[in-house]
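Shown here: model-v4.pdb, PDB, C-alpha atoms, pLDDT in the B column.
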```pdb
ATOM      1  CA  MET P  49     129.625 251.774  78.858  1.00 76.00           C
ATOM      2  CA  GLN P  50     125.968 251.880  79.808  1.00 85.00           C
ATOM      3  CA  ILE P  51     123.894 255.022  79.240  1.00 86.00           C
ATOM      4  CA  SER P  52     121.182 255.598  81.824  1.00 87.00           C
ATOM      5  CA  GLU P  53     118.933 258.102  79.962  1.00 89.00           C
ATOM      6  CA  PRO P  54     119.797 257.942  76.247  1.00 91.00           C
ATOM      7  CA  VAL P  55     116.917 260.051  74.898  1.00 94.00           C
ATOM      8  CA  THR P  56     117.479 262.836  77.418  1.00 93.00           C
ATOM      9  CA  MET P  57     121.193 262.746  76.690  1.00 94.00           C
ATOM     10  CA  LEU P  58     120.689 263.007  72.928  1.00 95.00           C
ATOM     11  CA  THR P  59     118.157 265.809  73.363  1.00 96.00           C
ATOM     12  CA  ASP P  60     120.593 267.740  75.540  1.00 96.00           C
ATOM     13  CA  PHE P  61     123.377 267.248  72.991  1.00 97.00           C
ATOM     14  CA  ALA P  62     121.091 268.465  70.191  1.00 98.00           C
ATOM     15  CA  LEU P  63     120.217 271.534  72.253  1.00 96.00           C
ATOM     16  CA  ALA P  64     123.927 272.182  72.874  1.00 97.00           C
ATOM     17  CA  ALA P  65     124.664 271.928  69.154  1.00 98.00           C
ATOM     18  CA  ALA P  66     121.798 274.263  68.254  1.00 97.00           C
ATOM     19  CA  SER P  67     122.901 276.827  70.841  1.00 95.00           C
ATOM     20  CA  LEU P  68     126.472 276.744  69.547  1.00 96.00           C
ATOM     21  CA  TYR P  69     125.185 277.156  66.004  1.00 97.00           C
ATOM     22  CA  PHE P  70     123.119 280.205  67.012  1.00 95.00           C
ATOM     23  CA  ALA P  71     126.094 281.735  68.826  1.00 94.00           C
ATOM     24  CA  PHE P  72     128.353 281.140  65.816  1.00 94.00           C
ATOM     25  CA  ARG P  73     125.865 282.584  63.317  1.00 94.00           C
ATOM     26  CA  LEU P  74     125.225 285.594  65.530  1.00 91.00           C
ATOM     27  CA  SER P  75     128.951 286.229  65.922  1.00 88.00           C
ATOM     28  CA  LEU P  76     129.362 286.288  62.134  1.00 88.00           C
ATOM     29  CA  ILE P  77     126.935 289.171  61.664  1.00 86.00           C
ATOM     30  CA  LEU P  78     128.156 291.248  64.594  1.00 83.00           C
ATOM     31  CA  GLY P  79     130.466 294.136  63.924  1.00 76.00           C
ATOM     32  CA  PRO P  80     132.070 296.981  65.827  1.00 75.00           C
ATOM     33  CA  ARG P  81     128.922 299.111  65.519  1.00 77.00           C
ATOM     34  CA  ASN P  82     126.639 296.527  67.135  1.00 73.00           C
ATOM     35  CA  ARG P  83     125.299 297.080  70.584  1.00 77.00           C
ATOM     36  CA  VAL P  84     126.542 295.277  73.641  1.00 83.00           C
ATOM     37  CA  SER P  85     123.231 293.434  73.917  1.00 81.00           C
ATOM     38  CA  ALA P  86     123.970 291.448  70.754  1.00 83.00           C
ATOM     39  CA  TRP P  87     127.294 290.302  72.187  1.00 85.00           C
ATOM     40  CA  LEU P  88     125.563 289.378  75.424  1.00 87.00           C
ATOM     41  CA  TRP P  89     123.098 287.233  73.456  1.00 88.00           C
ATOM     42  CA  CYS P  90     126.059 285.462  71.884  1.00 89.00           C
ATOM     43  CA  ALA P  91     127.512 284.789  75.339  1.00 90.00           C
ATOM     44  CA  ALA P  92     124.117 283.591  76.558  1.00 91.00           C
ATOM     45  CA  PHE P  93     123.891 281.071  73.721  1.00 93.00           C
ATOM     46  CA  ILE P  94     127.344 279.790  74.638  1.00 94.00           C
ATOM     47  CA  ALA P  95     126.256 279.471  78.282  1.00 93.00           C
ATOM     48  CA  SER P  96     123.162 277.549  77.141  1.00 93.00           C
ATOM     49  CA  SER P  97     125.366 275.246  75.124  1.00 95.00           C
ATOM     50  CA  ILE P  98     127.642 274.561  78.086  1.00 94.00           C
ATOM     51  CA  ALA P  99     124.649 273.849  80.333  1.00 94.00           C
ATOM     52  CA  ALA P 100     123.061 271.512  77.779  1.00 95.00           C
ATOM     53  CA  LEU P 101     126.316 269.664  77.078  1.00 95.00           C
ATOM     54  CA  LEU P 102     127.028 269.084  80.758  1.00 94.00           C
ATOM     55  CA  GLY P 103     123.363 268.197  81.312  1.00 94.00           C
ATOM     56  CA  GLY P 104     123.606 265.512  78.649  1.00 95.00           C
ATOM     57  CA  ILE P 105     126.731 264.097  80.244  1.00 93.00           C
ATOM     58  CA  TYR P 106     125.102 264.242  83.667  1.00 93.00           C
ATOM     59  CA  HIS P 107     121.907 262.504  82.539  1.00 91.00           C
ATOM     60  CA  GLY P 108     123.530 259.871  80.372  1.00 92.00           C
ATOM     61  CA  LEU P 109     126.740 259.015  82.164  1.00 90.00           C
ATOM     62  CA  ALA P 110     125.989 259.703  85.842  1.00 87.00           C
ATOM     63  CA  ARG P 111     126.772 256.115  86.822  1.00 88.00           C
ATOM     64  CA  HIS P 112     130.392 256.531  85.771  1.00 90.00           C
ATOM     65  CA  PHE P 113     131.225 259.524  88.013  1.00 91.00           C
ATOM     66  CA  ASP P 114     131.659 259.782  91.764  1.00 91.00           C
ATOM     67  CA  ALA P 115     129.380 261.939  93.922  1.00 92.00           C
ATOM     68  CA  SER P 116     131.724 264.909  94.215  1.00 93.00           C
ATOM     69  CA  THR P 117     132.210 265.131  90.447  1.00 92.00           C
ATOM     70  CA  LEU P 118     128.462 264.954  89.874  1.00 90.00           C
ATOM     71  CA  ARG P 119     127.857 267.684  92.439  1.00 93.00           C
ATOM     72  CA  PHE P 120     130.468 269.946  90.823  1.00 93.00           C
ATOM     73  CA  MET P 121     129.020 269.260  87.376  1.00 91.00           C
ATOM     74  CA  TRP P 122     125.513 270.078  88.606  1.00 92.00           C
ATOM     75  CA  GLU P 123     126.680 273.368  90.119  1.00 92.00           C
ATOM     76  CA  VAL P 124     128.331 274.379  86.830  1.00 92.00           C
ATOM     77  CA  ILE P 125     125.091 273.516  85.025  1.00 92.00           C
ATOM     78  CA  ILE P 126     123.064 275.698  87.393  1.00 92.00           C
ATOM     79  CA  TYR P 127     125.438 278.655  87.002  1.00 91.00           C
ATOM     80  CA  ALA P 128     125.439 278.297  83.213  1.00 90.00           C
ATOM     81  CA  ILE P 129     121.637 278.207  83.173  1.00 88.00           C
ATOM     82  CA  GLY P 130     121.675 281.417  85.196  1.00 87.00           C
ATOM     83  CA  LEU P 131     123.642 283.094  82.399  1.00 78.00           C
ATOM     84  CA  ALA P 132     121.390 281.751  79.657  1.00 70.00           C
ATOM     85  CA  PRO P 133     118.502 283.751  78.169  1.00 64.00           C
ATOM     86  CA  ASP P 134     114.995 283.278  79.543  1.00 58.00           C
TER      87      ASP P 134
END
```
In structure tokens, what does this structure look like?
Amino acid sequence: MQISEPVTMLTDFALAAASLYFAFRLSLILGPRNRVSAWLWCAAFIASSIAALLGGIYHGLARHFDASTLRFMWEVIIYAIGLAPD
């Protein structure tokens, strides 16, 4: 299996792991008295992780997917980025 952009792929995977870590750590300190905004930040970190993970797959393994799969993957990435924090 040949990877087309290995550095970009690894960077995206590292960003996905960091975003999941932040979401997990934030979820541990949240309780029933926390505001909705804290839960929304947790969801935004998960959305960032999904976007970064799919971005890494898209950048590194694009040669192994057909055009319709790549288009669907790109649309999911764009929607996940829209949910992520600015």
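Taking CA of Leu101 (chain P) as the reference point, CA of Ile77 (chain P) is found at 24.9 Å.
Distance-wise, CA of Leu76 (chain P) and CA of Ala91 (chain P) end up 13.4 Å apart.
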| task | Please determine the residues with any atom at most 6 Å from (121.5, 257.7, 86.9) (coordinates as given in the file, with all atoms listed in the file counting) and report them as a PyMOL selection string. | result | chain P and resi 52+110-111
Residues within 12 Å of Ile126 (chain P), please, as an mmCIF file with C-alpha atoms, in the coordinates of the input. Count only C-alpha atoms; anything in the same chain fewer than 6 positions from it doesn't count.
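What landed in selection-v2.cif:
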```cif
data_model
loop_
_atom_site.group_PDB
_atom_site.id
_atom_site.type_symbol
_atom_site.label_atom_id
_atom_site.label_comp_id
_atom_site.auth_asym_id
_atom_site.auth_seq_id
_atom_site.Cartn_x
_atom_site.Cartn_y
_atom_site.Cartn_z
ATOM 1 C CA ALA P 95 126.256 279.471 78.282
ATOM 2 C CA SER P 96 123.162 277.549 77.141
ATOM 3 C CA ILE P 98 127.642 274.561 78.086
ATOM 4 C CA ALA P 99 124.649 273.849 80.333
ATOM 5 C CA ALA P 100 123.061 271.512 77.779
ATOM 6 C CA LEU P 102 127.028 269.084 80.758
ATOM 7 C CA GLY P 103 123.363 268.197 81.312
ATOM 8 C CA ARG P 119 127.857 267.684 92.439
ATOM 9 C CA PHE P 120 130.468 269.946 90.823
ATOM 10 C CA ALA P 132 121.390 281.751 79.657
#
```
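Using only C-alpha atoms, the nearest neighbour of Pro54 (chain P) within the list P:Leu74, P:Cys90, P:Tyr106, P:Val84 is P:Tyr106.
Here CA of Gly79 (chain P) is placed at a distance of 20.1 Å from CA of Ser67 (chain P).
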| field | Protein, DNA and RNA residues within 10 Å of (130.3, 251.2, 78.2), all atoms listed in the file, as an NGL selection string | value | :P and (49-51 or 109 or 112)
Hey, could you pull the box centre and edge lengths for region 71-81 of chain P, axis-aligned, 8 Å padding per side, all listed atoms, to one decimal in Å, as AutoDock Vina command-line options?
```
--center_x 128.6 --center_y 290.1 --center_z 65.2 --size_x 22.8 --size_y 34.0 --size_z 23.2
```
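For the residues P:Ile94, P:Trp87, P:Asn82, P:Glu53, ranking by smallest atom-to-atom distance to Tyr69 (chain P) using all atoms listed in the file places P:Ile94 first.
Of the listed residues (P:Met57, P:Ser97, P:Phe70, P:Ser75), P:Ser97 comes nearest to Ala128 (chain P); the distances count all atoms listed in the file.
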| request: Return the single residue from P:Ala115, P:Val124, P:His107, P:Leu131 that is closest to Thr59 (chain P), with distances computed using only C-alpha atoms. | output: P:His107
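Between Gly130 (chain P) and the residues P:Ala92, P:Arg73, P:Gly104, P:Ser116, the shortest atom-to-atom distance, using only C-alpha atoms, involves P:Ala92.
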Mind rebuilding region 76-111 of chain P with N, CA and C atoms and writing that out as a PDB file, keeping the file's coordinate frame?
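Wrote it out as out.pdb, contents follow:
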```pdb
ATOM      1  N   LEU P  76     128.959 285.947  63.503  1.00 88.00           N
ATOM      2  CA  LEU P  76     129.362 286.288  62.134  1.00 88.00           C
ATOM      3  C   LEU P  76     128.766 287.606  61.660  1.00 88.00           C
ATOM      4  N   ILE P  77     127.580 287.947  62.142  1.00 86.00           N
ATOM      5  CA  ILE P  77     126.935 289.171  61.664  1.00 86.00           C
ATOM      6  C   ILE P  77     127.199 290.374  62.561  1.00 86.00           C
ATOM      7  N   LEU P  78     127.867 290.142  63.686  1.00 83.00           N
ATOM      8  CA  LEU P  78     128.156 291.248  64.594  1.00 83.00           C
ATOM      9  C   LEU P  78     129.383 292.015  64.108  1.00 83.00           C
ATOM     10  N   GLY P  79     129.345 293.288  64.289  1.00 76.00           N
ATOM     11  CA  GLY P  79     130.466 294.136  63.924  1.00 76.00           C
ATOM     12  C   GLY P  79     130.763 295.121  65.024  1.00 76.00           C
ATOM     13  N   PRO P  80     131.702 296.029  64.784  1.00 75.00           N
ATOM     14  CA  PRO P  80     132.070 296.981  65.827  1.00 75.00           C
ATOM     15  C   PRO P  80     130.971 297.980  66.162  1.00 75.00           C
ATOM     16  N   ARG P  81     129.998 298.142  65.268  1.00 77.00           N
ATOM     17  CA  ARG P  81     128.922 299.111  65.519  1.00 77.00           C
ATOM     18  C   ARG P  81     127.714 298.490  66.216  1.00 77.00           C
ATOM     19  N   ASN P  82     127.754 297.176  66.450  1.00 73.00           N
ATOM     20  CA  ASN P  82     126.639 296.527  67.135  1.00 73.00           C
ATOM     21  C   ASN P  82     126.628 296.863  68.618  1.00 73.00           C
ATOM     22  N   ARG P  83     125.478 296.779  69.166  1.00 77.00           N
ATOM     23  CA  ARG P  83     125.299 297.080  70.584  1.00 77.00           C
ATOM     24  C   ARG P  83     125.826 295.936  71.446  1.00 77.00           C
ATOM     25  N   VAL P  84     126.046 296.258  72.686  1.00 83.00           N
ATOM     26  CA  VAL P  84     126.542 295.277  73.641  1.00 83.00           C
ATOM     27  C   VAL P  84     125.533 294.146  73.823  1.00 83.00           C
ATOM     28  N   SER P  85     124.259 294.459  73.694  1.00 81.00           N
ATOM     29  CA  SER P  85     123.231 293.434  73.917  1.00 81.00           C
ATOM     30  C   SER P  85     123.371 292.267  72.943  1.00 81.00           C
ATOM     31  N   ALA P  86     123.789 292.541  71.713  1.00 83.00           N
ATOM     32  CA  ALA P  86     123.970 291.448  70.754  1.00 83.00           C
ATOM     33  C   ALA P  86     125.114 290.536  71.181  1.00 83.00           C
ATOM     34  N   TRP P  87     126.186 291.115  71.690  1.00 85.00           N
ATOM     35  CA  TRP P  87     127.294 290.302  72.187  1.00 85.00           C
ATOM     36  C   TRP P  87     126.887 289.517  73.427  1.00 85.00           C
ATOM     37  N   LEU P  88     126.037 290.098  74.244  1.00 87.00           N
ATOM     38  CA  LEU P  88     125.563 289.378  75.424  1.00 87.00           C
ATOM     39  C   LEU P  88     124.671 288.204  75.024  1.00 87.00           C
ATOM     40  N   TRP P  89     123.891 288.350  73.961  1.00 88.00           N
ATOM     41  CA  TRP P  89     123.098 287.233  73.456  1.00 88.00           C
ATOM     42  C   TRP P  89     124.006 286.104  72.977  1.00 88.00           C
ATOM     43  N   CYS P  90     125.097 286.470  72.334  1.00 89.00           N
ATOM     44  CA  CYS P  90     126.059 285.462  71.884  1.00 89.00           C
ATOM     45  C   CYS P  90     126.630 284.699  73.085  1.00 89.00           C
ATOM     46  N   ALA P  91     127.002 285.425  74.123  1.00 90.00           N
ATOM     47  CA  ALA P  91     127.512 284.789  75.339  1.00 90.00           C
ATOM     48  C   ALA P  91     126.446 283.927  76.006  1.00 90.00           C
ATOM     49  N   ALA P  92     125.204 284.371  75.958  1.00 91.00           N
ATOM     50  CA  ALA P  92     124.117 283.591  76.558  1.00 91.00           C
ATOM     51  C   ALA P  92     123.896 282.283  75.804  1.00 91.00           C
ATOM     52  N   PHE P  93     124.013 282.320  74.488  1.00 93.00           N
ATOM     53  CA  PHE P  93     123.891 281.071  73.721  1.00 93.00           C
ATOM     54  C   PHE P  93     125.038 280.114  74.045  1.00 93.00           C
ATOM     55  N   ILE P  94     126.220 280.643  74.257  1.00 94.00           N
ATOM     56  CA  ILE P  94     127.344 279.790  74.638  1.00 94.00           C
ATOM     57  C   ILE P  94     127.107 279.194  76.025  1.00 94.00           C
ATOM     58  N   ALA P  95     126.578 279.979  76.942  1.00 93.00           N
ATOM     59  CA  ALA P  95     126.256 279.471  78.282  1.00 93.00           C
ATOM     60  C   ALA P  95     125.180 278.385  78.201  1.00 93.00           C
ATOM     61  N   SER P  96     124.201 278.577  77.332  1.00 93.00           N
ATOM     62  CA  SER P  96     123.162 277.549  77.141  1.00 93.00           C
ATOM     63  C   SER P  96     123.774 276.269  76.598  1.00 93.00           C
ATOM     64  N   SER P  97     124.717 276.414  75.698  1.00 95.00           N
ATOM     65  CA  SER P  97     125.366 275.246  75.124  1.00 95.00           C
ATOM     66  C   SER P  97     126.166 274.484  76.173  1.00 95.00           C
ATOM     67  N   ILE P  98     126.876 275.209  77.014  1.00 94.00           N
ATOM     68  CA  ILE P  98     127.642 274.561  78.086  1.00 94.00           C
ATOM     69  C   ILE P  98     126.705 273.826  79.042  1.00 94.00           C
ATOM     70  N   ALA P  99     125.610 274.478  79.418  1.00 94.00           N
ATOM     71  CA  ALA P  99     124.649 273.849  80.333  1.00 94.00           C
ATOM     72  C   ALA P  99     124.033 272.596  79.710  1.00 94.00           C
ATOM     73  N   ALA P 100     123.673 272.668  78.436  1.00 95.00           N
ATOM     74  CA  ALA P 100     123.061 271.512  77.779  1.00 95.00           C
ATOM     75  C   ALA P 100     124.066 270.373  77.605  1.00 95.00           C
ATOM     76  N   LEU P 101     125.300 270.699  77.250  1.00 95.00           N
ATOM     77  CA  LEU P 101     126.316 269.664  77.078  1.00 95.00           C
ATOM     78  C   LEU P 101     126.592 268.947  78.399  1.00 95.00           C
ATOM     79  N   LEU P 102     126.795 269.712  79.459  1.00 94.00           N
ATOM     80  CA  LEU P 102     127.028 269.084  80.758  1.00 94.00           C
ATOM     81  C   LEU P 102     125.785 268.355  81.259  1.00 94.00           C
ATOM     82  N   GLY P 103     124.595 268.889  80.938  1.00 94.00           N
ATOM     83  CA  GLY P 103     123.363 268.197  81.312  1.00 94.00           C
ATOM     84  C   GLY P 103     123.239 266.849  80.625  1.00 94.00           C
ATOM     85  N   GLY P 104     123.626 266.785  79.365  1.00 95.00           N
ATOM     86  CA  GLY P 104     123.606 265.512  78.649  1.00 95.00           C
ATOM     87  C   GLY P 104     124.573 264.505  79.241  1.00 95.00           C
ATOM     88  N   ILE P 105     125.762 264.980  79.600  1.00 93.00           N
ATOM     89  CA  ILE P 105     126.731 264.097  80.244  1.00 93.00           C
ATOM     90  C   ILE P 105     126.210 263.642  81.599  1.00 93.00           C
ATOM     91  N   TYR P 106     125.635 264.566  82.339  1.00 93.00           N
ATOM     92  CA  TYR P 106     125.102 264.242  83.667  1.00 93.00           C
ATOM     93  C   TYR P 106     123.977 263.207  83.562  1.00 93.00           C
ATOM     94  N   HIS P 107     123.049 263.417  82.653  1.00 91.00           N
ATOM     95  CA  HIS P 107     121.907 262.504  82.539  1.00 91.00           C
ATOM     96  C   HIS P 107     122.303 261.142  81.975  1.00 91.00           C
ATOM     97  N   GLY P 108     123.204 261.132  81.030  1.00 92.00           N
ATOM     98  CA  GLY P 108     123.530 259.871  80.372  1.00 92.00           C
ATOM     99  C   GLY P 108     124.612 259.061  81.045  1.00 92.00           C
ATOM    100  N   LEU P 109     125.572 259.729  81.650  1.00 90.00           N
ATOM    101  CA  LEU P 109     126.740 259.015  82.164  1.00 90.00           C
ATOM    102  C   LEU P 109     126.938 259.184  83.669  1.00 90.00           C
ATOM    103  N   ALA P 110     125.885 259.449  84.393  1.00 87.00           N
ATOM    104  CA  ALA P 110     125.989 259.703  85.842  1.00 87.00           C
ATOM    105  C   ALA P 110     126.542 258.508  86.602  1.00 87.00           C
ATOM    106  N   ARG P 111     126.306 257.317  86.124  1.00 88.00           N
ATOM    107  CA  ARG P 111     126.772 256.115  86.822  1.00 88.00           C
ATOM    108  C   ARG P 111     128.293 255.999  86.840  1.00 88.00           C
TER     109      ARG P 111
END
```
